[in-house]
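**Student:** Below is the file run.tsv, with TSV, N, CA and C atoms.
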chain	number	residue	atom	x	y	z
A	26	MET	N	0.83	-1.18	0.00
A	26	MET	CA	0.00	0.00	0.00
A	26	MET	C	0.87	1.24	0.00
A	27	ASN	N	0.41	2.15	-0.74
A	27	ASN	CA	1.13	3.41	-0.84
A	27	ASN	C	0.59	4.36	0.25
A	28	PRO	N	1.45	4.86	1.14
A	28	PRO	CA	0.96	5.72	2.23
A	28	PRO	C	0.43	7.04	1.71
A	29	GLU	N	0.80	7.45	0.54
A	29	GLU	CA	0.32	8.71	0.01
A	29	GLU	C	-1.08	8.58	-0.60
A	30	MET	N	-1.59	7.40	-0.84
A	30	MET	CA	-2.88	7.17	-1.49
A	30	MET	C	-3.96	6.75	-0.48
A	31	THR	N	-3.85	7.13	0.74
A	31	THR	CA	-4.85	6.73	1.74
A	31	THR	C	-6.16	7.45	1.47
A	32	SER	N	-7.26	6.79	1.82
A	32	SER	CA	-8.59	7.36	1.57
A	32	SER	C	-9.15	8.01	2.84
A	33	GLU	N	-8.35	8.22	3.82
A	33	GLU	CA	-8.82	8.86	5.05
A	33	GLU	C	-9.05	10.33	4.79
A	34	ARG	N	-10.19	10.82	5.26
A	34	ARG	CA	-10.48	12.24	5.12
A	34	ARG	C	-10.55	12.86	6.49
A	35	PRO	N	-10.15	14.07	6.61
A	35	PRO	CA	-10.25	14.71	7.92
A	35	PRO	C	-11.72	14.94	8.28
A	36	VAL	N	-12.05	14.79	9.56
A	36	VAL	CA	-13.43	14.92	10.01
A	36	VAL	C	-13.66	16.22	10.79
A	37	TRP	N	-12.71	17.10	10.78
A	37	TRP	CA	-12.89	18.34	11.53
A	37	TRP	C	-14.02	19.18	11.00
A	38	HIS	N	-14.32	19.08	9.70
A	38	HIS	CA	-15.41	19.87	9.12
A	38	HIS	C	-16.78	19.39	9.61
A	39	VAL	N	-16.89	18.11	9.94
A	39	VAL	CA	-18.14	17.59	10.50
A	39	VAL	C	-18.36	18.17	11.89
A	40	GLY	N	-17.32	18.18	12.70
A	40	GLY	CA	-17.41	18.75	14.05
A	40	GLY	C	-17.73	20.23	14.01
A	41	LEU	N	-17.08	20.95	13.08
A	41	LEU	CA	-17.33	22.37	12.95
A	41	LEU	C	-18.77	22.63	12.50
A	42	GLY	N	-19.28	21.81	11.60
A	42	GLY	CA	-20.67	21.94	11.15
A	42	GLY	C	-21.65	21.71	12.29
A	43	PHE	N	-21.35	20.73	13.13
A	43	PHE	CA	-22.22	20.45	14.28
A	43	PHE	C	-22.23	21.62	15.25
A	44	VAL	N	-21.06	22.19	15.51
A	44	VAL	CA	-20.98	23.33	16.43
A	44	VAL	C	-21.74	24.52	15.86
A	45	VAL	N	-21.60	24.80	14.58
A	45	VAL	CA	-22.31	25.92	13.95
A	45	VAL	C	-23.82	25.69	14.00
A	46	ALA	N	-24.25	24.47	13.68
A	46	ALA	CA	-25.69	24.16	13.72
A	46	ALA	C	-26.24	24.31	15.14
A	47	SER	N	-25.49	23.87	16.14
A	47	SER	CA	-25.94	24.00	17.53
A	47	SER	C	-26.05	25.46	17.94
A	48	LEU	N	-25.09	26.27	17.53
A	48	LEU	CA	-25.14	27.70	17.86
A	48	LEU	C	-26.33	28.37	17.17
A	49	LEU	N	-26.60	28.03	15.92
A	49	LEU	CA	-27.76	28.59	15.23
A	49	LEU	C	-29.06	28.18	15.92
A	50	PHE	N	-29.16	26.93	16.32
A	50	PHE	CA	-30.35	26.46	17.01
A	50	PHE	C	-30.54	27.21	18.32
A	51	ALA	N	-29.47	27.36	19.10
A	51	ALA	CA	-29.55	28.07	20.37
A	51	ALA	C	-29.95	29.52	20.15
A	52	ALA	N	-29.41	30.16	19.10
A	52	ALA	CA	-29.76	31.55	18.81
A	52	ALA	C	-31.24	31.67	18.44
A	53	LEU	N	-31.77	30.73	17.66
A	53	LEU	CA	-33.18	30.77	17.29
A	53	LEU	C	-34.09	30.56	18.50
A	54	VAL	N	-33.71	29.64	19.38
A	54	VAL	CA	-34.50	29.41	20.59
A	54	VAL	C	-34.52	30.66	21.45
A	55	LEU	N	-33.37	31.28	21.63
A	55	LEU	CA	-33.28	32.49	22.43
A	55	LEU	C	-34.09	33.62	21.80
A	56	LEU	N	-34.03	33.74	20.49
A	56	LEU	CA	-34.78	34.78	19.79
A	56	LEU	C	-36.29	34.58	19.98
A	57	LEU	N	-36.76	33.35	19.81
A	57	LEU	CA	-38.18	33.07	19.99
A	57	LEU	C	-38.62	33.28	21.43
A	58	LYS	N	-37.77	32.92	22.36
A	58	LYS	CA	-38.12	33.10	23.77
A	58	LYS	C	-38.26	34.57	24.11
A	59	CYS	N	-37.39	35.39	23.60
A	59	CYS	CA	-37.44	36.83	23.88
A	59	CYS	C	-38.55	37.52	23.10
A	60	ALA	N	-38.88	37.02	21.92
A	60	ALA	CA	-39.86	37.68	21.06
A	60	ALA	C	-41.30	37.32	21.41
A	61	THR	N	-41.53	36.21	22.12
A	61	THR	CA	-42.88	35.78	22.44
A	61	THR	C	-43.26	36.30	23.82
A	62	PRO	N	-44.21	37.22	23.89
A	62	PRO	CA	-44.62	37.74	25.20
A	62	PRO	C	-45.52	36.74	25.92
A	63	VAL	N	-45.33	36.61	27.19
A	63	VAL	CA	-46.15	35.74	28.03
A	63	VAL	C	-47.00	36.65	28.90
A	64	PRO	N	-48.32	36.54	28.78
A	64	PRO	CA	-49.15	37.43	29.58
A	64	PRO	C	-49.03	37.10	31.07
A	65	ALA	N	-48.91	38.11	31.86
A	65	ALA	CA	-48.80	37.92	33.30
A	65	ALA	C	-50.19	37.69	33.89
A	66	ILE	N	-50.23	37.02	35.00
A	66	ILE	CA	-51.50	36.80	35.69
A	66	ILE	C	-51.75	38.03	36.55
A	67	ASP	N	-52.51	38.95	35.99
A	67	ASP	CA	-52.80	40.16	36.73
A	67	ASP	C	-54.10	39.96	37.52
A	68	ALA	N	-54.54	40.99	38.17
A	68	ALA	CA	-55.71	40.90	39.04
A	68	ALA	C	-56.97	40.55	38.24
A	69	ASN	N	-57.12	41.11	37.04
A	69	ASN	CA	-58.32	40.84	36.24
A	69	ASN	C	-58.37	39.37	35.81
A	70	ARG	N	-57.25	38.86	35.35
A	70	ARG	CA	-57.22	37.47	34.91
A	70	ARG	C	-57.42	36.52	36.09
A	71	ALA	N	-56.83	36.85	37.22
A	71	ALA	CA	-57.00	36.01	38.42
A	71	ALA	C	-58.47	36.02	38.86
A	72	ALA	N	-59.12	37.17	38.80
A	72	ALA	CA	-60.52	37.26	39.18
A	72	ALA	C	-61.39	36.46	38.21
A	73	GLU	N	-61.08	36.52	36.92
A	73	GLU	CA	-61.84	35.77	35.93
A	73	GLU	C	-61.70	34.26	36.15
A	74	ARG	N	-60.49	33.83	36.45
A	74	ARG	CA	-60.26	32.40	36.71
A	74	ARG	C	-60.98	31.96	37.97
A	75	ALA	N	-60.97	32.79	39.00
A	75	ALA	CA	-61.67	32.46	40.25
A	75	ALA	C	-63.17	32.37	40.01
A	76	LYS	N	-63.72	33.28	39.20
A	76	LYS	CA	-65.15	33.26	38.89
A	76	LYS	C	-65.51	31.99	38.12
A	77	ASP	N	-64.69	31.63	37.12
A	77	ASP	CA	-64.94	30.41	36.34
A	77	ASP	C	-64.89	29.17	37.24
A	78	LEU	N	-63.92	29.13	38.14
A	78	LEU	CA	-63.81	27.99	39.05
A	78	LEU	C	-65.02	27.89	39.96
A	79	SER	N	-65.49	29.02	40.46
A	79	SER	CA	-66.66	28.99	41.34
A	79	SER	C	-67.90	28.55	40.57
A	80	GLU	N	-68.03	28.93	39.29
A	80	GLU	CA	-69.16	28.48	38.47
A	80	GLU	C	-69.10	26.97	38.25
A	81	ILE	N	-67.92	26.46	37.97
A	81	ILE	CA	-67.76	25.02	37.75
A	81	ILE	C	-68.11	24.25	39.02
A	82	ARG	N	-67.62	24.73	40.15
A	82	ARG	CA	-67.92	24.05	41.42
A	82	ARG	C	-69.40	24.13	41.78
A	83	ALA	N	-70.04	25.24	41.45
A	83	ALA	CA	-71.48	25.36	41.71
A	83	ALA	C	-72.26	24.37	40.86
A	84	LEU	N	-71.88	24.21	39.58
A	84	LEU	CA	-72.54	23.24	38.71
A	84	LEU	C	-72.32	21.81	39.20
A	85	GLU	N	-71.10	21.52	39.67
A	85	GLU	CA	-70.82	20.18	40.19
A	85	GLU	C	-71.64	19.91	41.45
A	86	THR	N	-71.72	20.88	42.33
A	86	THR	CA	-72.49	20.72	43.56
A	86	THR	C	-73.97	20.53	43.24
A	87	GLN	N	-74.47	21.31	42.29
A	87	GLN	CA	-75.87	21.18	41.89
A	87	GLN	C	-76.14	19.79	41.30
A	88	ALA	N	-75.20	19.28	40.50
A	88	ALA	CA	-75.38	17.95	39.90
A	88	ALA	C	-75.33	16.86	40.97
A	89	LEU	N	-74.51	17.05	42.00
A	89	LEU	CA	-74.42	16.04	43.06
A	89	LEU	C	-75.61	16.07	44.00
A	90	ASP	N	-76.20	17.24	44.19
A	90	ASP	CA	-77.25	17.38	45.19
A	90	ASP	C	-78.67	17.27	44.64
A	91	ASN	N	-78.84	17.27	43.33
A	91	ASN	CA	-80.17	17.24	42.74
A	91	ASN	C	-80.30	16.11	41.73
A	92	ALA	N	-81.52	15.58	41.64
A	92	ALA	CA	-81.79	14.51	40.67
A	92	ALA	C	-81.96	15.12	39.29
A	93	GLY	N	-81.66	14.34	38.28
A	93	GLY	CA	-81.81	14.81	36.91
A	93	GLY	C	-81.66	13.67	35.93
A	94	TRP	N	-82.06	13.91	34.71
A	94	TRP	CA	-81.96	12.89	33.67
A	94	TRP	C	-80.55	12.85	33.09
A	95	VAL	N	-80.01	11.63	32.95
A	95	VAL	CA	-78.76	11.42	32.23
A	95	VAL	C	-79.10	11.07	30.79
A	96	ASP	N	-80.01	10.10	30.62
A	96	ASP	CA	-80.48	9.69	29.30
A	96	ASP	C	-81.95	9.31	29.43
A	97	ARG	N	-82.81	10.17	28.98
A	97	ARG	CA	-84.26	9.97	29.14
A	97	ARG	C	-84.75	8.76	28.34
A	98	GLN	N	-84.18	8.51	27.15
A	98	GLN	CA	-84.62	7.38	26.32
A	98	GLN	C	-84.35	6.05	27.01
A	99	ARG	N	-83.24	5.94	27.68
A	99	ARG	CA	-82.88	4.69	28.36
A	99	ARG	C	-83.40	4.65	29.78
A	100	GLY	N	-83.90	5.75	30.30
A	100	GLY	CA	-84.40	5.80	31.66
A	100	GLY	C	-83.30	5.93	32.70
A	101	LEU	N	-82.17	6.55	32.34
A	101	LEU	CA	-81.07	6.72	33.27
A	101	LEU	C	-81.19	8.07	33.97
A	102	VAL	N	-81.17	8.03	35.29
A	102	VAL	CA	-81.28	9.26	36.06
A	102	VAL	C	-80.04	9.43	36.95
A	103	ARG	N	-79.81	10.67	37.34
A	103	ARG	CA	-78.74	10.99	38.29
A	103	ARG	C	-79.43	11.30	39.62
A	104	LEU	N	-78.98	10.64	40.68
A	104	LEU	CA	-79.57	10.82	42.00
A	104	LEU	C	-78.54	11.41	42.95
A	105	PRO	N	-79.01	12.16	43.95
A	105	PRO	CA	-78.09	12.59	45.00
A	105	PRO	C	-77.50	11.35	45.70
A	106	ILE	N	-76.30	11.49	46.21
A	106	ILE	CA	-75.60	10.34	46.77
A	106	ILE	C	-76.35	9.73	47.95
A	107	ASP	N	-76.86	10.57	48.85
A	107	ASP	CA	-77.53	10.02	50.03
A	107	ASP	C	-78.81	9.28	49.64
A	108	VAL	N	-79.56	9.76	48.65
A	108	VAL	CA	-80.77	9.08	48.19
A	108	VAL	C	-80.40	7.75	47.54
A	109	ALA	N	-79.36	7.75	46.72
A	109	ALA	CA	-78.94	6.52	46.05
A	109	ALA	C	-78.48	5.48	47.06
A	110	MET	N	-77.78	5.91	48.10
A	110	MET	CA	-77.32	4.95	49.12
A	110	MET	C	-78.50	4.38	49.90
A	111	GLN	N	-79.49	5.22	50.21
A	111	GLN	CA	-80.68	4.72	50.91
A	111	GLN	C	-81.44	3.72	50.05
A	112	MET	N	-81.57	4.03	48.75
A	112	MET	CA	-82.26	3.11	47.85
A	112	MET	C	-81.51	1.79	47.71
A	113	ALA	N	-80.17	1.86	47.64
A	113	ALA	CA	-79.37	0.64	47.52
A	113	ALA	C	-79.49	-0.20	48.78
A	114	ALA	N	-79.42	0.44	49.94
A	114	ALA	CA	-79.54	-0.31	51.19
A	114	ALA	C	-80.91	-0.97	51.30
A	115	GLN	N	-81.95	-0.28	50.90
A	115	GLN	CA	-83.30	-0.83	50.96
A	115	GLN	C	-83.45	-1.99	49.96
A	116	GLU	N	-82.91	-1.80	48.76
A	116	GLU	CA	-83.05	-2.82	47.72
A	116	GLU	C	-82.27	-4.09	48.07
A	117	TRP	N	-81.11	-3.94	48.70
A	117	TRP	CA	-80.27	-5.10	48.98
A	117	TRP	C	-80.69	-5.85	50.24
A	118	GLN	N	-81.88	-5.53	50.78
A	118	GLN	CA	-82.43	-6.35	51.86
A	118	GLN	C	-82.72	-7.76	51.35
A	119	ASN	N	-83.07	-7.86	50.07
A	119	ASN	CA	-83.28	-9.15	49.41
A	119	ASN	C	-82.21	-9.27	48.31
A	120	PRO	N	-81.05	-9.90	48.60
A	120	PRO	CA	-79.93	-9.92	47.66
A	120	PRO	C	-80.23	-10.59	46.32
A	121	ALA	N	-81.02	-11.65	46.31
A	121	ALA	CA	-81.30	-12.35	45.05
A	121	ALA	C	-82.09	-11.44	44.11
A	122	ALA	N	-83.11	-10.78	44.61
A	122	ALA	CA	-83.91	-9.88	43.78
A	122	ALA	C	-83.07	-8.67	43.37
A	123	ALA	N	-82.23	-8.20	44.26
A	123	ALA	CA	-81.40	-7.03	43.95
A	123	ALA	C	-80.41	-7.36	42.83
A	124	ARG	N	-79.81	-8.57	42.87
A	124	ARG	CA	-78.88	-8.98	41.83
A	124	ARG	C	-79.57	-9.04	40.47
A	125	THR	N	-80.76	-9.63	40.44
A	125	THR	CA	-81.51	-9.74	39.19
A	125	THR	C	-81.87	-8.36	38.66
A	126	ASN	N	-82.31	-7.48	39.55
A	126	ASN	CA	-82.67	-6.12	39.16
A	126	ASN	C	-81.44	-5.36	38.65
A	127	LEU	N	-80.30	-5.56	39.31
A	127	LEU	CA	-79.07	-4.89	38.90
A	127	LEU	C	-78.63	-5.35	37.51
A	128	ILE	N	-78.72	-6.64	37.26
A	128	ILE	CA	-78.34	-7.18	35.94
A	128	ILE	C	-79.27	-6.63	34.86
A	129	ASN	N	-80.56	-6.57	35.15
A	129	ASN	CA	-81.52	-6.04	34.17
A	129	ASN	C	-81.25	-4.57	33.89
A	130	ARG	N	-80.97	-3.79	34.93
A	130	ARG	CA	-80.69	-2.36	34.74
A	130	ARG	C	-79.39	-2.16	33.97
A	131	GLU	N	-78.39	-3.00	34.22
A	131	GLU	CA	-77.11	-2.87	33.51
A	131	GLU	C	-77.29	-3.18	32.03
A	132	GLU	N	-78.06	-4.21	31.72
A	132	GLU	CA	-78.31	-4.55	30.31
A	132	GLU	C	-79.06	-3.41	29.61
A	133	LYS	N	-79.99	-2.80	30.30
A	133	LYS	CA	-80.74	-1.69	29.72
A	133	LYS	C	-79.84	-0.47	29.52
A	134	ALA	N	-78.90	-0.25	30.45
A	134	ALA	CA	-78.04	0.93	30.37
A	134	ALA	C	-77.02	0.83	29.25
A	135	VAL	N	-76.50	-0.37	28.97
A	135	VAL	CA	-75.47	-0.51	27.94
A	135	VAL	C	-76.03	-0.87	26.57
A	136	ALA	N	-77.33	-1.09	26.49
A	136	ALA	CA	-77.94	-1.40	25.19
A	136	ALA	C	-77.82	-0.19	24.28
A	137	PRO	N	-77.64	-0.42	22.99
A	137	PRO	CA	-77.55	0.73	22.08
A	137	PRO	C	-78.84	1.53	22.08
A	138	ALA	N	-78.70	2.81	21.99
A	138	ALA	CA	-79.86	3.68	21.96
A	138	ALA	C	-80.67	3.43	20.69
A	139	PRO	N	-81.98	3.58	20.77
A	139	PRO	CA	-82.77	3.38	19.56
A	139	PRO	C	-82.41	4.42	18.51
A	140	VAL	N	-82.38	3.97	17.27
A	140	VAL	CA	-82.00	4.84	16.18
A	140	VAL	C	-83.21	5.67	15.75
A	141	VAL	N	-83.02	6.96	15.73
A	141	VAL	CA	-84.08	7.85	15.27
A	141	VAL	C	-84.09	7.82	13.76
A	142	PRO	N	-85.25	7.56	13.15
A	142	PRO	CA	-85.27	7.49	11.69
A	142	PRO	C	-84.89	8.85	11.10
A	143	ALA	N	-84.04	8.78	10.10
A	143	ALA	CA	-83.60	10.00	9.44
A	143	ALA	C	-84.73	10.58	8.62
A	144	LYS	N	-84.78	11.89	8.56
A	144	LYS	CA	-85.79	12.54	7.75
A	144	LYS	C	-85.49	12.26	6.28
A	145	PRO	N	-86.51	11.96	5.52
A	145	PRO	CA	-86.22	11.68	4.11
A	145	PRO	C	-85.69	12.92	3.42
A	146	SER	N	-84.80	12.68	2.51
A	146	SER	CA	-84.20	13.78	1.77
A	146	SER	C	-85.22	14.38	0.82
A	147	ALA	N	-85.11	15.66	0.59
A	147	ALA	CA	-86.01	16.33	-0.34
A	147	ALA	C	-85.80	15.85	-1.77
A	148	PHE	N	-84.67	15.23	-2.03
A	148	PHE	CA	-84.35	14.76	-3.37
A	148	PHE	C	-84.76	13.33	-3.63
A	149	GLU	N	-85.33	12.65	-2.64
A	149	GLU	CA	-85.74	11.25	-2.83
A	149	GLU	C	-87.14	11.17	-3.33
Translate this structure into structure tokens?
**Tutor:**
Amino acid sequence: MNPEMTSERPVWHVGLGFVVASLLFAALVLLLKCATPVPAIDANRAAERAKDLSEIRALETQALDNAGWVDRQRGLVRLPIDVAMQMAAQEWQNPAAARTNLINREEKAVAPAPVVPAKPSAFE
């Protein structure tokens, strides 16, 4: 082998390219970070968030404390927790009947909803 005909190439240009690319990436990240304003949480925004949170909690409390329909077609209702626990305790006085009733209600709850017939198209 001739030592002057080696196919080895210097790799310093690869390292230099990596360093330049890293510096460009860091400069772009810094530029975007400085150019993008982040709104501060001022008194108005904090008050708005507090009001929204209180509305959400009021709706949750109302849903927990009052009965209402979940799905009227299937006969699913939402009951207050204390009423539901009283009904469950009363129903489970007879476990065999309660199990049968529970299975029937579960089958009714997971059954597909009846399909509402589509209105015929004006072009048919």
**Student:** Write out as a PyMOL selection string which residues come within 7 Å of Asn91 in chain A when counting only N, CA and C atoms, dropping same-chain ones fewer than 6 positions away.
**Tutor:** chain A and resi 103-106
**Student:** Would you put the residues from that selection into a file with N, CA and C atoms, as a short mmCIF file (atom, residue, chain, number, x, y, z; two decimals), in the coordinates of the input?
**Tutor:**
data_model
loop_
_atom_site.label_atom_id
_atom_site.label_comp_id
_atom_site.auth_asym_id
_atom_site.auth_seq_id
_atom_site.Cartn_x
_atom_site.Cartn_y
_atom_site.Cartn_z
N ARG A 103 -79.81 10.67 37.34
CA ARG A 103 -78.74 10.99 38.29
C ARG A 103 -79.43 11.30 39.62
N LEU A 104 -78.98 10.64 40.68
CA LEU A 104 -79.57 10.82 42.00
C LEU A 104 -78.54 11.41 42.95
N PRO A 105 -79.01 12.16 43.95
CA PRO A 105 -78.09 12.59 45.00
C PRO A 105 -77.50 11.35 45.70
N ILE A 106 -76.30 11.49 46.21
CA ILE A 106 -75.60 10.34 46.77
C ILE A 106 -76.35 9.73 47.95
#
**Student:** What lies within 7 Å of range 122-136 of chain A using all atoms listed in the file, ignoring chain neighbours under 5 positions off, as a compact mmCIF listing (two decimals) with N, CA and C atoms, keeping the file's coordinate frame?
**Tutor:**
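Final output, selection-v8.txt:
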# COMPACT_ATOMS: atom_id res chain seq x y z
N ARG A 99 -83.24 5.94 27.68
CA ARG A 99 -82.88 4.69 28.36
C ARG A 99 -83.40 4.65 29.78
N GLU A 116 -82.91 -1.80 48.76
CA GLU A 116 -83.05 -2.82 47.72
C GLU A 116 -82.27 -4.09 48.07
N TRP A 117 -81.11 -3.94 48.70
CA TRP A 117 -80.27 -5.10 48.98
C TRP A 117 -80.69 -5.85 50.24
**Student:** By how many Å are atom N of Ala109 in chain A and atom N of Trp94 in chain A apart?
**Tutor:**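 Those two atoms sit 13.8 Å apart.
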**Student:** Work out how far apart CA of Val140 in chain A and CA of Gln98 in chain A are and give it in Å to one decimal.
**Tutor:**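 Computing the Euclidean distance for CA of Val140 in chain A and CA of Gln98 in chain A yields 10.8 Å.
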**Student:** For CA of Asp107 in chain A and CA of Lys76 in chain A, quote the distance in Å rounded to one decimal.
**Tutor:**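 CA of Lys76 in chain A lies at a distance of 28.6 Å from CA of Asp107 in chain A.
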**Student:** Identify all residues of chain A in helix (DSSP H, G or I) (DSSP on the backbone) and supply them as a ChimeraX atom specification.
**Tutor:** /A:28-30,37-60,68-90,106-116,120-135
